[in-house]
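**Q** start-v4.pdb is the file, holding PDB, C-alpha atoms:
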MODEL        1
ATOM      1  CA  MET V 202      -6.047  46.027 -17.267
ATOM      2  CA  ILE V 203      -9.198  48.018 -16.473
ATOM      3  CA  VAL V 204     -12.446  46.119 -17.128
ATOM      4  CA  ARG V 205     -14.566  48.471 -19.213
ATOM      5  CA  LYS V 206     -16.687  46.044 -21.259
ATOM      6  CA  VAL V 207     -19.184  43.283 -20.567
ATOM      7  CA  VAL V 208     -20.691  40.753 -22.967
ATOM      8  CA  PHE V 209     -24.281  39.583 -22.530
ATOM      9  CA  PRO V 210     -25.009  36.430 -24.594
ATOM     10  CA  VAL V 211     -28.771  36.864 -25.092
ATOM     11  CA  ALA V 212     -29.536  35.250 -28.457
ATOM     12  CA  GLY V 213     -31.095  32.052 -27.057
ATOM     13  CA  LEU V 214     -34.611  30.939 -27.951
ATOM     14  CA  GLY V 215     -35.827  30.513 -24.366
ATOM     15  CA  THR V 216     -37.770  27.345 -25.152
ATOM     16  CA  ARG V 217     -38.429  26.568 -21.473
ATOM     17  CA  PHE V 218     -40.688  29.616 -21.318
ATOM     18  CA  LEU V 219     -42.740  29.090 -24.472
ATOM     19  CA  PRO V 220     -45.168  30.483 -25.471
ATOM     20  CA  ALA V 221     -44.118  33.616 -23.521
ATOM     21  CA  THR V 222     -40.794  33.691 -25.382
ATOM     22  CA  LYS V 223     -42.185  33.051 -28.871
ATOM     23  CA  ALA V 224     -41.621  36.713 -29.776
ATOM     24  CA  VAL V 225     -39.824  38.086 -26.702
ATOM     25  CA  PRO V 226     -36.311  37.079 -25.507
ATOM     26  CA  LYS V 227     -36.409  35.376 -22.119
ATOM     27  CA  GLU V 228     -34.037  38.075 -20.844
ATOM     28  CA  MET V 229     -36.929  40.534 -21.262
ATOM     29  CA  LEU V 230     -39.189  38.583 -18.893
ATOM     30  CA  PRO V 231     -39.820  40.690 -15.771
ATOM     31  CA  VAL V 232     -38.954  40.048 -12.149
ATOM     32  CA  VAL V 233     -41.443  42.378 -10.459
ATOM     33  CA  ASP V 234     -41.070  45.492 -12.647
ATOM     34  CA  LYS V 235     -37.706  45.081 -14.402
ATOM     35  CA  PRO V 236     -36.628  42.606 -17.068
ATOM     36  CA  LEU V 237     -33.808  40.195 -16.305
ATOM     37  CA  ILE V 238     -31.452  41.958 -18.709
ATOM     38  CA  GLN V 239     -31.810  45.249 -16.817
ATOM     39  CA  TYR V 240     -30.808  43.653 -13.515
ATOM     40  CA  ALA V 241     -27.675  42.318 -15.241
ATOM     41  CA  ALA V 242     -26.885  45.658 -16.886
ATOM     42  CA  GLU V 243     -27.269  47.516 -13.581
ATOM     43  CA  GLU V 244     -24.926  45.033 -11.898
ATOM     44  CA  ALA V 245     -22.316  45.700 -14.594
ATOM     45  CA  VAL V 246     -22.633  49.468 -14.257
ATOM     46  CA  ARG V 247     -22.189  49.197 -10.476
ATOM     47  CA  ALA V 248     -18.937  47.357 -11.210
ATOM     48  CA  GLY V 249     -17.652  50.389 -13.121
ATOM     49  CA  ILE V 250     -18.295  48.895 -16.570
ATOM     50  CA  HIS V 251     -19.574  51.384 -19.137
ATOM     51  CA  GLU V 252     -19.658  49.471 -22.437
ATOM     52  CA  LEU V 253     -22.456  46.912 -22.718
ATOM     53  CA  ILE V 254     -22.175  44.424 -25.585
ATOM     54  CA  PHE V 255     -25.280  42.378 -26.363
ATOM     55  CA  VAL V 256     -25.071  39.256 -28.533
ATOM     56  CA  VAL V 257     -28.626  39.063 -29.860
ATOM     57  CA  SER V 258     -30.821  37.117 -32.238
ATOM     58  CA  PRO V 259     -31.212  39.000 -35.542
ATOM     59  CA  SER V 260     -34.961  38.291 -35.553
ATOM     60  CA  ARG V 261     -35.717  39.927 -32.194
ATOM     61  CA  THR V 262     -35.270  43.593 -31.317
ATOM     62  CA  ALA V 263     -36.885  43.870 -27.865
ATOM     63  CA  ILE V 264     -33.559  44.222 -26.045
ATOM     64  CA  GLN V 265     -32.375  46.905 -28.477
ATOM     65  CA  ASP V 266     -35.687  48.723 -28.022
ATOM     66  CA  HIS V 267     -35.464  48.502 -24.229
ATOM     67  CA  PHE V 268     -32.080  50.240 -24.093
ATOM     68  CA  SER V 269     -32.959  52.849 -26.728
ATOM     69  CA  PRO V 270     -34.684  56.194 -26.025
ATOM     70  CA  SER V 271     -38.449  56.253 -26.482
ATOM     71  CA  ALA V 272     -39.360  59.771 -27.554
ATOM     72  CA  GLU V 273     -43.102  59.063 -27.666
ATOM     73  CA  LEU V 274     -43.204  57.585 -24.151
ATOM     74  CA  GLU V 275     -40.966  60.283 -22.666
ATOM     75  CA  THR V 276     -43.054  63.056 -24.232
ATOM     76  CA  LEU V 277     -46.249  61.528 -22.838
ATOM     77  CA  LEU V 278     -44.819  61.187 -19.314
ATOM     78  CA  GLU V 279     -43.463  64.719 -19.439
ATOM     79  CA  ARG V 280     -46.826  66.118 -20.571
ATOM     80  CA  LYS V 281     -48.562  64.304 -17.715
ATOM     81  CA  ALA V 282     -45.914  65.473 -15.217
ATOM     82  CA  ARG V 283     -45.068  61.881 -14.290
ATOM     83  CA  HIS V 284     -41.513  62.817 -13.434
ATOM     84  CA  ASP V 285     -40.973  59.711 -11.292
ATOM     85  CA  LEU V 286     -41.756  57.381 -14.207
ATOM     86  CA  LEU V 287     -39.828  59.598 -16.624
ATOM     87  CA  HIS V 288     -36.751  59.253 -14.428
ATOM     88  CA  GLN V 289     -37.151  55.467 -14.385
ATOM     89  CA  VAL V 290     -37.412  55.294 -18.175
ATOM     90  CA  ARG V 291     -34.386  57.514 -18.722
ATOM     91  CA  SER V 292     -32.370  55.598 -16.108
ATOM     92  CA  VAL V 293     -32.601  52.316 -18.039
ATOM     93  CA  LEU V 294     -29.370  53.401 -19.732
ATOM     94  CA  PRO V 295     -27.447  55.755 -17.416
ATOM     95  CA  ALA V 296     -25.474  58.690 -18.773
ATOM     96  CA  GLY V 297     -21.999  57.710 -19.912
ATOM     97  CA  VAL V 298     -22.966  54.084 -20.604
ATOM     98  CA  SER V 299     -23.001  52.840 -24.205
ATOM     99  CA  CYS V 300     -24.680  49.832 -25.839
ATOM    100  CA  HIS V 301     -23.443  47.764 -28.767
ATOM    101  CA  PHE V 302     -25.247  44.914 -30.498
ATOM    102  CA  VAL V 303     -23.913  41.993 -32.514
ATOM    103  CA  SER V 304     -25.949  39.154 -34.028
ATOM    104  CA  GLN V 305     -25.662  35.434 -33.447
ATOM    105  CA  ALA V 306     -27.687  33.911 -36.276
ATOM    106  CA  GLU V 307     -27.486  30.322 -35.010
ATOM    107  CA  PRO V 308     -27.434  29.037 -31.400
ATOM    108  CA  LEU V 309     -24.002  27.402 -31.628
ATOM    109  CA  GLY V 310     -23.127  27.556 -27.950
ATOM    110  CA  LEU V 311     -22.126  30.009 -25.250
ATOM    111  CA  GLY V 312     -18.528  30.016 -26.450
ATOM    112  CA  HIS V 313     -19.627  30.909 -29.968
ATOM    113  CA  ALA V 314     -21.804  33.739 -28.615
ATOM    114  CA  VAL V 315     -18.898  35.251 -26.678
ATOM    115  CA  LEU V 316     -16.631  34.897 -29.713
ATOM    116  CA  ARG V 317     -19.126  36.908 -31.782
ATOM    117  CA  ALA V 318     -18.205  39.902 -29.609
ATOM    118  CA  ARG V 319     -14.474  39.589 -30.275
ATOM    119  CA  GLU V 320     -14.187  42.604 -32.570
ATOM    120  CA  LEU V 321     -16.044  44.842 -30.110
ATOM    121  CA  VAL V 322     -14.057  43.613 -27.110
ATOM    122  CA  GLY V 323     -10.691  44.055 -28.798
ATOM    123  CA  ASP V 324      -7.443  43.330 -26.980
ATOM    124  CA  GLU V 325      -8.512  44.132 -23.436
ATOM    125  CA  PRO V 326     -10.009  42.352 -20.416
ATOM    126  CA  PHE V 327     -13.779  41.957 -20.335
ATOM    127  CA  ALA V 328     -16.626  40.509 -18.301
ATOM    128  CA  VAL V 329     -19.326  38.051 -19.345
ATOM    129  CA  ALA V 330     -22.689  37.992 -17.577
ATOM    130  CA  LEU V 331     -25.585  35.580 -18.114
ATOM    131  CA  PRO V 332     -28.826  37.355 -17.132
ATOM    132  CA  ASP V 333     -30.462  33.953 -16.436
ATOM    133  CA  ASP V 334     -28.409  33.895 -13.241
ATOM    134  CA  LEU V 335     -29.988  36.618 -11.145
ATOM    135  CA  ILE V 336     -27.934  37.121  -7.995
ATOM    136  CA  GLU V 337     -29.225  39.016  -4.976
ATOM    137  CA  ASP V 338     -26.436  40.294  -2.747
ATOM    138  CA  GLY V 339     -27.429  43.696  -1.518
ATOM    139  CA  SER V 340     -26.189  46.759  -3.362
ATOM    140  CA  ARG V 341     -22.668  45.852  -4.498
ATOM    141  CA  GLY V 342     -23.086  43.091  -7.094
ATOM    142  CA  VAL V 343     -21.051  40.013  -7.944
ATOM    143  CA  LEU V 344     -19.343  41.624 -10.927
ATOM    144  CA  ALA V 345     -18.072  44.432  -8.680
ATOM    145  CA  GLN V 346     -16.545  41.839  -6.364
ATOM    146  CA  MET V 347     -14.914  40.086  -9.320
ATOM    147  CA  VAL V 348     -13.649  43.228 -11.038
ATOM    148  CA  ALA V 349     -11.947  44.304  -7.805
ATOM    149  CA  LEU V 350     -10.247  40.914  -7.547
ATOM    150  CA  PHE V 351      -9.209  41.089 -11.198
ATOM    151  CA  GLN V 352      -7.607  44.486 -10.623
ATOM    152  CA  GLU V 353      -5.592  42.943  -7.807
ATOM    153  CA  HIS V 354      -4.555  39.616  -9.369
ATOM    154  CA  ARG V 355      -4.672  40.308 -13.146
ATOM    155  CA  ARG V 356      -6.026  36.802 -13.811
ATOM    156  CA  SER V 357      -9.267  35.494 -15.306
ATOM    157  CA  ILE V 358     -11.907  34.817 -12.652
ATOM    158  CA  ILE V 359     -14.980  32.554 -12.817
ATOM    159  CA  ALA V 360     -17.816  32.640 -10.289
ATOM    160  CA  VAL V 361     -18.701  29.267  -8.730
ATOM    161  CA  GLU V 362     -21.043  27.862  -6.104
ATOM    162  CA  PRO V 363     -21.647  24.376  -4.670
ATOM    163  CA  VAL V 364     -24.508  22.320  -6.116
ATOM    164  CA  PRO V 365     -25.878  18.904  -5.139
ATOM    165  CA  ARG V 366     -23.577  16.180  -6.474
ATOM    166  CA  GLU V 367     -26.441  14.629  -8.451
ATOM    167  CA  GLU V 368     -26.837  17.875 -10.432
ATOM    168  CA  THR V 369     -23.265  18.195 -11.739
ATOM    169  CA  HIS V 370     -24.421  17.051 -15.193
ATOM    170  CA  LYS V 371     -26.223  20.401 -15.582
ATOM    171  CA  TYR V 372     -23.149  22.621 -15.127
ATOM    172  CA  GLY V 373     -19.533  23.247 -15.885
ATOM    173  CA  ILE V 374     -17.701  21.906 -12.811
ATOM    174  CA  VAL V 375     -14.332  23.014 -11.437
ATOM    175  CA  SER V 376     -11.858  21.778  -8.886
ATOM    176  CA  MET V 377      -9.892  24.528  -7.188
ATOM    177  CA  GLU V 378      -7.146  25.092  -4.674
ATOM    178  CA  SER V 379      -8.213  26.540  -1.353
ATOM    179  CA  GLY V 380      -7.508  30.232  -0.969
ATOM    180  CA  ALA V 381      -8.425  33.348   0.972
ATOM    181  CA  ASP V 382     -11.735  35.216   0.545
ATOM    182  CA  GLY V 383     -13.276  32.458  -1.575
ATOM    183  CA  LEU V 384     -10.669  32.814  -4.313
ATOM    184  CA  GLY V 385      -8.540  29.898  -5.493
ATOM    185  CA  ALA V 386      -6.676  28.710  -8.582
ATOM    186  CA  ILE V 387      -8.611  26.324 -10.812
ATOM    187  CA  LYS V 388      -7.002  22.910 -11.197
ATOM    188  CA  ALA V 389      -9.516  21.445 -13.683
ATOM    189  CA  ILE V 390     -12.787  22.350 -15.392
ATOM    190  CA  VAL V 391     -15.210  19.917 -17.060
ATOM    191  CA  GLU V 392     -18.440  20.551 -18.954
ATOM    192  CA  LYS V 393     -21.511  18.782 -17.508
ATOM    193  CA  PRO V 394     -19.827  15.691 -16.048
ATOM    194  CA  LYS V 395     -21.753  12.753 -14.656
ATOM    195  CA  PRO V 396     -21.780  12.813 -10.838
ATOM    196  CA  ALA V 397     -19.338   9.895 -10.687
ATOM    197  CA  ASP V 398     -16.887  11.735 -12.957
ATOM    198  CA  ALA V 399     -17.200  15.243 -11.521
ATOM    199  CA  PRO V 400     -13.964  16.625 -10.003
ATOM    200  CA  SER V 401     -16.029  18.429  -7.317
ATOM    201  CA  ASN V 402     -19.488  19.860  -6.775
ATOM    202  CA  LEU V 403     -18.432  23.458  -7.524
ATOM    203  CA  ALA V 404     -20.541  24.671 -10.444
ATOM    204  CA  VAL V 405     -19.728  27.544 -12.777
ATOM    205  CA  VAL V 406     -22.212  30.422 -12.394
ATOM    206  CA  GLY V 407     -22.888  32.967 -15.120
ATOM    207  CA  ARG V 408     -20.358  35.634 -14.116
ATOM    208  CA  TYR V 409     -16.845  35.793 -15.574
ATOM    209  CA  VAL V 410     -13.978  38.259 -15.949
ATOM    210  CA  PHE V 411     -11.453  37.276 -18.609
ATOM    211  CA  THR V 412      -8.080  38.345 -19.904
ATOM    212  CA  PRO V 413      -7.967  38.882 -23.703
ATOM    213  CA  LYS V 414      -6.251  35.478 -24.052
ATOM    214  CA  LEU V 415      -9.628  33.778 -23.590
ATOM    215  CA  LEU V 416     -10.793  35.009 -27.006
ATOM    216  CA  GLU V 417      -7.720  33.499 -28.642
ATOM    217  CA  CYS V 418      -8.568  30.194 -27.006
ATOM    218  CA  LEU V 419     -12.186  30.414 -28.113
ATOM    219  CA  ALA V 420     -11.103  30.951 -31.703
ATOM    220  CA  ARG V 421      -9.235  27.608 -31.534
ATOM    221  CA  THR V 422     -11.981  25.715 -29.702
ATOM    222  CA  ALA V 423     -13.787  23.008 -31.658
ATOM    223  CA  ALA V 424     -17.414  22.027 -31.140
ATOM    224  CA  GLY V 425     -17.794  19.941 -27.995
ATOM    225  CA  SER V 426     -20.737  18.837 -25.856
ATOM    226  CA  GLY V 427     -24.005  19.011 -27.809
ATOM    227  CA  GLY V 428     -22.155  19.955 -30.990
ATOM    228  CA  GLU V 429     -21.682  23.489 -29.638
ATOM    229  CA  ILE V 430     -18.615  25.629 -28.948
ATOM    230  CA  GLN V 431     -18.390  25.481 -25.173
ATOM    231  CA  LEU V 432     -16.961  28.326 -23.115
ATOM    232  CA  THR V 433     -15.851  25.687 -20.599
ATOM    233  CA  ASP V 434     -13.583  24.051 -23.219
ATOM    234  CA  ALA V 435     -11.950  27.393 -23.984
ATOM    235  CA  VAL V 436     -11.332  27.973 -20.266
ATOM    236  CA  ALA V 437      -9.692  24.537 -20.069
ATOM    237  CA  MET V 438      -7.410  25.598 -22.925
ATOM    238  CA  LEU V 439      -6.705  28.910 -21.172
ATOM    239  CA  LEU V 440      -5.531  26.968 -18.110
ATOM    240  CA  SER V 441      -2.653  25.599 -20.147
ATOM    241  CA  CYS V 442      -1.518  29.171 -20.894
ATOM    242  CA  GLU V 443      -2.144  31.089 -17.688
ATOM    243  CA  GLU V 444      -3.596  30.814 -14.196
ATOM    244  CA  VAL V 445      -7.375  31.090 -13.835
ATOM    245  CA  PHE V 446      -9.178  31.661 -10.529
ATOM    246  CA  ALA V 447     -12.522  30.409  -9.239
ATOM    247  CA  PHE V 448     -14.451  32.700  -6.905
ATOM    248  CA  SER V 449     -17.055  31.590  -4.366
ATOM    249  CA  PHE V 450     -19.085  34.785  -4.323
ATOM    250  CA  ALA V 451     -21.305  36.312  -1.659
ATOM    251  CA  GLY V 452     -24.969  36.326  -2.651
ATOM    252  CA  ARG V 453     -27.992  34.195  -3.452
ATOM    253  CA  ARG V 454     -28.384  32.971  -7.042
ATOM    254  CA  PHE V 455     -31.730  32.397  -8.712
ATOM    255  CA  ASP V 456     -31.732  30.158 -11.792
ATOM    256  CA  CYS V 457     -34.101  32.228 -13.918
ATOM    257  CA  GLY V 458     -33.528  29.903 -16.850
ATOM    258  CA  SER V 459     -36.092  27.650 -15.145
ATOM    259  CA  LYS V 460     -39.724  28.353 -14.290
ATOM    260  CA  LEU V 461     -39.206  27.509 -10.632
ATOM    261  CA  GLY V 462     -36.156  29.764 -10.332
ATOM    262  CA  MET V 463     -38.008  32.610 -12.025
ATOM    263  CA  LEU V 464     -40.900  32.296  -9.583
ATOM    264  CA  GLN V 465     -38.530  32.101  -6.610
ATOM    265  CA  ALA V 466     -36.765  35.269  -7.765
ATOM    266  CA  THR V 467     -40.053  37.076  -8.268
ATOM    267  CA  VAL V 468     -41.203  36.231  -4.738
ATOM    268  CA  ALA V 469     -37.859  37.197  -3.178
ATOM    269  CA  PHE V 470     -37.602  40.527  -5.000
ATOM    270  CA  ALA V 471     -41.289  41.343  -4.478
ATOM    271  CA  LEU V 472     -40.894  40.885  -0.719
ATOM    272  CA  GLN V 473     -38.010  43.388  -0.777
ATOM    273  CA  ASP V 474     -39.854  45.925  -2.932
ATOM    274  CA  PRO V 475     -40.448  49.137  -0.916
ATOM    275  CA  GLU V 476     -43.748  49.795  -2.669
ATOM    276  CA  ILE V 477     -45.451  46.387  -2.459
ATOM    277  CA  GLY V 478     -43.284  44.226  -0.168
ATOM    278  CA  GLU V 479     -45.427  44.473   2.961
ATOM    279  CA  GLN V 480     -48.700  43.928   1.109
ATOM    280  CA  PHE V 481     -47.239  41.011  -0.818
ATOM    281  CA  ALA V 482     -46.023  39.369   2.398
ATOM    282  CA  ASP V 483     -49.544  39.680   3.815
ATOM    283  CA  HIS V 484     -50.943  38.126   0.642
ATOM    284  CA  LEU V 485     -48.581  35.156   0.881
ATOM    285  CA  GLU V 486     -49.638  34.556   4.468
ATOM    286  CA  LYS V 487     -53.288  34.536   3.398
ATOM    287  CA  VAL V 488     -52.548  32.124   0.555
ATOM    288  CA  ARG V 489     -50.695  29.764   2.896
ATOM    289  CA  GLY V 490     -53.695  29.728   5.204
ATOM    290  CA  GLU V 491     -56.247  28.889   2.509
ATOM    291  CA  PRO V 492     -57.630  25.332   2.394
ATOM    292  CA  GLY V 493     -55.768  23.043   0.028
ATOM    293  CA  GLN V 494     -52.615  25.196  -0.103
ATOM    294  CA  ARG V 495     -49.221  23.683   0.709
ATOM    295  CA  ASN V 496     -47.386  25.070   3.710
TER     296      ASN V 496
ENDMDL
END
Is it possible to express this structure as structure tokens?
**A**
Amino acid sequence: MIVRKVVFPVAGLGTRFLPATKAVPKEMLPVVDKPLIQYAAEEAVRAGIHELIFVVSPSRTAIQDHFSPSAELETLLERKARHDLLHQVRSVLPAGVSCHFVSQAEPLGLGHAVLRARELVGDEPFAVALPDDLIEDGSRGVLAQMVALFQEHRRSIIAVEPVPREETHKYGIVSMESGADGLGAIKAIVEKPKPADAPSNLAVVGRYVFTPKLLECLARTAAGSGGEIQLTDAVAMLLSCEEVFAFSFAGRRFDCGSKLGMLQATVAFALQDPEIGEQFADHLEKVRGEPGQRN
């Protein structure tokens, strides 16, 4: 029951960020100097996962290019003795980590995207990570927390966090039993309920660790909300077969699927950057002091 594989569903069109995403996947948009997808991949590697499975659009190759060697760039950096930059380029995909790509021709839902990876996942536990949810929690990473809990309990685990009650219609919502260390058994899960119908205000966040049984459930899941195959519906089916845990993780989540969340993440990560953090903080103070700026 070792978690060796992670699925990244990254075939979406990113319409909220048009025209920037007309030709580039939104997961390739940068936060400071790294694209969203690299933050997610690094989090997975820190969790001990060494097989990265990307569910991509067949018409876009930027993610494949990012994780592939670039002989021309590496030769140029080597010739110019830019060994610091050369190390950064070669570290995009660490030694011992492999990438696999599978296409999702139509955007038929998150559940459908995960199901596209079924052959590559095989009959073993696996993680799912949505790069849109960028989570800052120091050096460990949410997936590392979840993988450790999975090793202990051998049950599927879904990351959750509280949201304002009026925003439950934007998320999958769970009700859970109270437990130690933020971990508790899920009693119910509902996709995007109205606030009056929501079983709680605990929203599903884009980090999951699943037993192989989840893929069997996905294969039997019909189209649901929005005419798409919802991962939430498959989890509800999984609950009838085996126990599933919700995990209130440690860390701050940025919703980088929205413009505001992307800007908030950029500011937060820029302030922590060892190269520019101090200068950027000074710049923000100057901006706040300029006439007409909001404080």
**Q** Figure out the distance between CA of Ala242 (chain V) and CA of Pro295 (chain V), please, to one decimal in Å.
**A** 10.1 Å
**Q** CA of Lys227 (chain V) and CA of Pro332 (chain V) are how many Å apart?
**A**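 Computing it gives 9.3 Å between the two atoms.
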**Q** Go through region 206-312 of chain V and flag each residue having an atom no more than 9 Å from region 325-330 of chain V; for those, report the closest pair of atoms plus their distance in Å to one decimal, using all atoms listed in the file, ordered by chain and rising number, as CSV.
**A**
residue,atom,partner,partner_atom,distance
V:Lys206,CA,V:Phe327,CA,5.1
V:Val207,CA,V:Ala328,CA,4.4
V:Val208,CA,V:Val329,CA,4.7
V:Phe209,CA,V:Ala330,CA,5.4
V:Pro210,CA,V:Ala330,CA,7.6
V:Ala241,CA,V:Ala330,CA,7.0
V:Ala242,CA,V:Ala330,CA,8.8
V:Ala245,CA,V:Ala330,CA,8.3
V:Ile250,CA,V:Ala328,CA,8.7
**Q** Which one is closest to Leu344 (chain V): V:Val256, V:Leu277, V:Leu311, V:Ala360? Count all atoms listed in the file.
**A**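 Comparing V:Val256, V:Leu277, V:Leu311, V:Ala360 against Leu344 (chain V), the winner is V:Ala360.
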**Q** On this structure, which residues satisfy the PyMOL selection byres ((chain V and resi 297-301) around 9), written as a ChimeraX atom specification?
**A** /V:246,250-256,265,268-269,294-296,302-303,321
**Q** Neighbours of Ala349 (chain V) within 10 Å (all atoms listed in the file; same-chain residues fewer than 6 positions away dropped), as number ranges by chain?
**A** V: 203-204, 248-249, 355
**Q** How about saving the chosen residues, C-alpha atoms kept, as an mmCIF file, in the coordinates of the input?
**A**
data_model
loop_
_atom_site.group_PDB
_atom_site.id
_atom_site.type_symbol
_atom_site.label_atom_id
_atom_site.label_comp_id
_atom_site.auth_asym_id
_atom_site.auth_seq_id
_atom_site.Cartn_x
_atom_site.Cartn_y
_atom_site.Cartn_z
ATOM 1 C CA ILE V 203 -9.198 48.018 -16.473
ATOM 2 C CA VAL V 204 -12.446 46.119 -17.128
ATOM 3 C CA ALA V 248 -18.937 47.357 -11.210
ATOM 4 C CA GLY V 249 -17.652 50.389 -13.121
ATOM 5 C CA ARG V 355 -4.672 40.308 -13.146
#
**Q** Counting all atoms listed in the file, what is within 7 Å of region 369-386 of chain V, bar same-chain residues fewer than 6 positions away, as a list of chain:residue names?
**A**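 So the residues in contact are V:Glu392, V:Lys393, V:Pro394, V:Lys395, V:Pro396, V:Ala399, V:Pro400, V:Ser401, V:Asn402, V:Leu403, V:Ala404, V:Val405, V:Thr433, V:Glu444, V:Val445, V:Phe446, V:Ala447, V:Phe448, V:Ser449, V:Phe450.
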**Q** Got a sec: who's within 12 Å of region 472-482 of chain V, counting all atoms listed in the file, leaving out chain neighbours fewer than 2 positions off, as a ChimeraX atom specification?
**A** /V:232-235,337,339,465-470,484-489
**Q** Which value, in Å to one decimal, gives the distance between CA of Ser292 (chain V) and CA of Ile359 (chain V)?
**A** 29.1 Å
**Q** If you apply the PyMOL selection byres ((chain V and resi 338) around 10) to this file, what residues do you get, as a PyMOL selection string?
**A** chain V and resi 335-337+339-343+450-454
**Q** Within 10 Å of (-6.2, 30.6, -26.9) (file coordinates; all atoms listed in the file), which protein or nucleic acid residues are there? I'd like them as a PDB file with C-alpha atoms, in the frame of the given file.
**A**
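What ended up in result-v1.pdb:
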ATOM      1  CA  PRO V 413      -7.967  38.882 -23.703  1.00  0.00           C
ATOM      2  CA  LYS V 414      -6.251  35.478 -24.052  1.00  0.00           C
ATOM      3  CA  LEU V 415      -9.628  33.778 -23.590  1.00  0.00           C
ATOM      4  CA  LEU V 416     -10.793  35.009 -27.006  1.00  0.00           C
ATOM      5  CA  GLU V 417      -7.720  33.499 -28.642  1.00  0.00           C
ATOM      6  CA  CYS V 418      -8.568  30.194 -27.006  1.00  0.00           C
ATOM      7  CA  LEU V 419     -12.186  30.414 -28.113  1.00  0.00           C
ATOM      8  CA  ALA V 420     -11.103  30.951 -31.703  1.00  0.00           C
ATOM      9  CA  ARG V 421      -9.235  27.608 -31.534  1.00  0.00           C
ATOM     10  CA  THR V 422     -11.981  25.715 -29.702  1.00  0.00           C
ATOM     11  CA  ALA V 435     -11.950  27.393 -23.984  1.00  0.00           C
ATOM     12  CA  VAL V 436     -11.332  27.973 -20.266  1.00  0.00           C
ATOM     13  CA  ALA V 437      -9.692  24.537 -20.069  1.00  0.00           C
ATOM     14  CA  MET V 438      -7.410  25.598 -22.925  1.00  0.00           C
ATOM     15  CA  LEU V 439      -6.705  28.910 -21.172  1.00  0.00           C
ATOM     16  CA  LEU V 440      -5.531  26.968 -18.110  1.00  0.00           C
ATOM     17  CA  SER V 441      -2.653  25.599 -20.147  1.00  0.00           C
ATOM     18  CA  CYS V 442      -1.518  29.171 -20.894  1.00  0.00           C
TER      19      CYS V 442
END
**Q** Between V:Glu244, V:Glu367, V:Asp324, V:Asp333, which is the closest to Met202 (chain V) once you count all atoms listed in the file?
**A**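 Of V:Glu244, V:Glu367, V:Asp324, V:Asp333, the one nearest Met202 (chain V) is V:Asp324, counting all atoms listed in the file.
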**Q** For Arg247 (chain V), which residue out of V:Asp398, V:Ile390, V:Arg205, V:Gly427 is the nearest one, using all atoms listed in the file?
**A**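 Among the listed residues, V:Arg205 lies closest to Arg247 (chain V).
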**Q** Hey, could you pull the box centre and edge lengths for region 214-227 of chain V, axis-aligned, 6 Å padding per side, all listed atoms, to one decimal in Å, as lines of an AutoDock Vina configuration file?
**A**
center_x = -39.9
center_y = 32.3
center_z = -25.5
size_x = 22.6
size_y = 23.5
size_z = 20.5
